[in-house]
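To start, the structure itself, in C-alpha cells.
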Amino acid sequence: MTTTLADCRALDAQDPLRALRDQFTLPEGVLYLDGNSLGVLPKAAPARIAEVVTKEWGEGLIRSWNTASWFDLPQRLGDKVARLIGAAPGEVVCTDSTSVNLYKVLFAALSQQKASGRKLVVSERSNFPTDLYIAESLCRERGFTLKLIDASELQGPNSALTDEVAVLMLTHVNYRTGAMHDMKAVTAAAHAVGALTVWDLAHSAGAVPVALNDSNADYAIGCGYKYLNGGPGAPAFAWVNTKHAGQFEQPLSGWWGHAAPFEFTPHYRPAPGVGRYLCGTQPVIALAGLECGLDTVLAAEAFNGTGGAMAALRTKSLALTDLFIRLIEERCAGQGLSLVTPRDHALRGSQVCLSRQNLEEPQSGSGAYAIVQALIARGVIGDYRAGDSQMPDILRFGFTPLYLGFEDVWNAVEHFVQVLETGEWRRAEFNRKNAVT
Ligand SMILES: *Cc1c(COP(=O)(O)O)cnc(C)c1O
C-alpha cells in the first residue's frame with residue numbers, strides 16, 4: 001500500500017516532539033531541508049544577542065567578563081555540547097572554527113605519535129575538503145604522509161589500518177553521502193594497530209547519538225552552525241579524551257589557553273585539560289547565539305528521561321528519512337534517481353542523498369544542480385554537491401527532527417515530483433551556477 005498525505009498527517013498528530021518546532025522562526029512558505037548546512041534561527045536568539053550587545057557590552061563594558069560570565073562561555077557551552085556527544089562535563093570547549101580546531105587536535109595526535117616512528121595519517125577520500133586540506137598541510141609540516149582510502153578499506157584482510165598508521169582521521173557522518181561509521185568498532189580497530197583516532201562530528205552533533213567516551217575515541221571536533229543551530233559561522237567545539245588530558249600539545253598557544261592568562265607571565269604554561277584548546281579572546285556575541293541553538297537541541301531531553309536529547313531525536317530523524325526515501329521511491333520511479341545514503345539505520349546519519357542518471361539526455365549531465373535550484377525556487381531548500389570521476393553529483397536533503405514534520409516531507413516530495421514531471425528544472429534560470437551551492 002502506498003503512503004498518503006493522510007498517513008503523514010497521522011504521524012504528525014502522534015509525534016511527541018511536535019512542540020519543539022515552536023522554538024524556531026521559520027520563514028513562511030519554506031520547507032527547510034538544509035539544517036545540515038546552516039541550522040535555522042532559534043526564536044530566543046535575536047533577543048538574547050540584543051541583550052548581550054546593549055546590556056552586557058553597552059552597559060557592563062569590560063566588567064561583563066566577570067559579571068556576565070563571558071570568561072567561562074567556552075567551557076559552559078562545552079558542557080552543553082558534551083550532553084549531546086557522550087562526553088562528560090569539563091571535556092569540551094566551544095571555540096574557533098571546525099577547521100582551526102581540527103588543526104589543533106590533529107597536531108596534538110601527531111605529536112603524541114612522534115616517538116612511535118609511524119608516518120601515516122589515514123582519512124577518507126570522500127571526507128570534507130577542509131579536513132583533507134588541513135591534514136595535508138600539517139602532514140607536510142610535521143613529516144607525515146596523508147593516505148586517502150575508501151571506507152571499505154577500513155576492514156578485511158587488506159585493511160589500510162596497519163602498524164604504520166599514526167592517526168585515523170574520519171568524519172563520523174559523511175557530508176556527501178550521509179553514511180555513518182560505527183565509531184566504537186572503528187576506534188577499536190584503530191587502537192588494535194596502535195593508531196589514535198580523530199573524529200569530525202560536523203554532521204553528527206545534534207543529528208545522531210554520539211558516544212565518544214563509550215567508544216574510547218581520542219580526539220573530536222564538530223561544527224556549531226549545522227544541526228546545533230548556532231548561527232552562521234558559529235564557534236565550533238573540541239573534545240579530548242581525559243586519558244590524554246595534561247599531555248596533548250596545542251600548537252596555537254595563545255594566552256586564552258594559558259593556565260593563568262591574567263598573570264601575564266612571559267612563558268606559556270598550558271591550562272589543564274581541554275581549556276588549552278582556547279587560543280585568543282573569544283567571540284562573545286557569536287557564543288551567545290550558539291547557546292540559543294544548543295538550548296533548542298537540549299530541549300529534547302524533556303522527551304526522554306534516560307537516553308538524553310539525541311535518543312528522542314534519533315527516533316524521529318530515522319522516521320523522517322525513512323519516509324522521504326519511501327515517498328521518493330514510490331512517487332519518482334522512472335526518473336533516474338538512486339539512493340546514495342545507506343538504508344541500514346545503523347549506517348545512516350540524518351540526511352538523505354540522491355544521485356540522478358539523466359535517462360533521456362545522458363550527455364547533458366545529471367541535472368542534479370538544476371533540480372535543486374528548481375526546488376529552492378519553490379521554497380524547498382536542499383543543496384547540491386558536485387561529483388567528479390569517482391563520485392556522482394549529489395542532491396542532498398537534511399532532516400532536522402526539531403522542526404520538520406511528516407507532512408513537510410510529503411510536501412517536499414510533492415514539489416520534487418512536479419519539478420521532475422513538468423521538466424521545470426530545464427529552465428535556463430535553474431542551470432546558472434551561484435557562488436555558494
Ligand atoms: C561543515 C564542515 C566543516 C566546516 O568547517 P568550517 O571550519 O566551519 O568551515 C568541516 N568539516 C566537515 C566534515 C564539515 O561537514
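Just remember, in the C-alpha cells the first chain shown is A, the second B, etc., residues are 1-based per chain, and ligands are 1-based in the order shown.
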Let me have all residues with an atom within 8 Å of ligand 1, counting only C-alpha atoms and all ligand atoms, laid out as a ChimeraX atom specification.
-> /A:37,97-101,127-131,171,173-175,200-203,222-226,233-236
Could you pull out the residues in stretch 185-350 of chain A that DSSP calls alpha helix (DSSP H) from the backbone, as number ranges by chain?
-> A: 185-192, 212-215, 284-298, 308-331
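By only C-alpha atoms, and with residues fewer than 5 positions from A:Ile376 along its chain excluded, the set lying at most 12 Å from it is Gly29, Val30, Leu31, Tyr32, Leu33, Asp34, Tyr369, Ala370, Ile371, Ile381, Gly382, Asp383, Tyr384, Leu395, Phe397, Ala412, His415, Phe416, Val419, Trp425, Glu429, Phe430 and Thr437 of chain A.
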List the neighbours of A:Gln357 out to 12 Å using only C-alpha atoms; skip same-chain residues closer than 4 positions along the sequence, and give me the result as a ChimeraX atom specification.
-> /A:334-339,361-368,392-395
For A:Asp22, which residue among A:Val372, A:Ala44, A:Ala377, A:Ala10 is the nearest when counting only C-alpha atoms?
->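 Closest residue, counting only C-alpha atoms: A:Ala44.
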Could you give me the residues within stretch 22-250 of chain A that DSSP places in strand (DSSP E or B), as an MDAnalysis selection string?
-> chainID A and resid 24:25 31:32 41:42 92:95 120:124 145:149 165:171 173 179:180 196:200 219:222 236:240
Compare A:Cys332, A:Met391, A:Val380, A:Leu318 by their minimum atom-to-atom distance to A:Ser126, counting only C-alpha atoms, and give me the closest one.
-> A:Met391
Counting only C-alpha atoms, what is within 12 Å of A:His345, bar same-chain residues fewer than 5 positions away, as a ChimeraX atom specification?
-> /A:178-182,208,314-315,317-322,350-352
Output C-alpha atoms for every residue in the selection just made, as a CSV table (one decimal), in the first residue's frame.
```csv
chain,number,residue,atom,x,y,z
A,178,GLY,CA,25.1,10.6,4.8
A,179,ALA,CA,26.8,7.3,5.5
A,180,MET,CA,27.8,6.9,9.2
A,181,HIS,CA,30.7,5.0,10.7
A,182,ASP,CA,30.4,2.6,13.6
A,208,VAL,CA,22.7,11.4,15.7
A,314,ARG,CA,17.1,10.0,16.6
A,315,THR,CA,13.8,8.0,16.6
A,317,SER,CA,15.0,11.5,12.5
A,318,LEU,CA,15.0,7.9,11.2
A,319,ALA,CA,11.2,8.0,10.7
A,320,LEU,CA,11.6,11.2,8.6
A,321,THR,CA,14.4,9.9,6.5
A,322,ASP,CA,12.7,6.5,6.0
A,350,SER,CA,20.2,12.5,9.5
A,351,GLN,CA,20.3,13.3,5.8
A,352,VAL,CA,19.2,11.6,2.5
```
So which residues touch A:Ile149 within 12 Å, counting only C-alpha atoms, skipping near sequence neighbours fewer than 5 positions away, as a list in words?
-> Leu120, Val121, Val122, Ser123, Glu124, Arg125, Ser126, Asn127, Leu132, Leu154, Gln155, Asn158, Ser159, Ala160, Leu161, Leu168, Met169 and Leu170 of chain A
Excluding A:Val240 and any residue of its chain fewer than 5 positions from it, enumerate the residues within 10 Å of it, using only C-alpha atoms, and give them as a ChimeraX atom specification.
-> /A:87,91-93,105,108,198,212-213,217-221,245,248,273-274,277
Would you save the residues of that selection, restricted to C-alpha atoms, as a CSV table (one decimal), in the first residue's frame?
```csv
chain,number,residue,atom,x,y,z
A,87,ALA,CA,31.2,13.3,26.8
A,91,GLU,CA,35.8,17.7,28.4
A,92,VAL,CA,34.6,20.1,25.7
A,93,VAL,CA,35.2,23.7,24.8
A,105,VAL,CA,43.6,18.2,17.6
A,108,ALA,CA,48.2,17.0,19.2
A,198,VAL,CA,40.4,12.0,15.4
A,212,LEU,CA,32.7,9.5,22.5
A,213,ASN,CA,33.7,8.1,25.9
A,217,ALA,CA,37.8,7.8,21.0
A,218,ASP,CA,40.9,10.0,21.3
A,219,TYR,CA,40.0,13.4,19.8
A,220,ALA,CA,36.9,15.0,18.3
A,221,ILE,CA,35.8,18.3,16.9
A,245,ALA,CA,44.5,15.4,29.2
A,248,PHE,CA,48.5,16.8,24.5
A,273,GLY,CA,42.7,19.6,30.1
A,274,VAL,CA,40.7,20.9,27.2
A,277,TYR,CA,42.3,24.5,23.2
```
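Here atom CA of A:Pro261 is placed at a distance of 24.7 Å from atom CA of A:Ala109.
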Residue among A:Phe107, A:Phe237, A:Trp256, A:Tyr227 lying closest to A:Gln282, counting only C-alpha atoms |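 Among the listed residues, the smallest separation from A:Gln282 belongs to A:Trp256.
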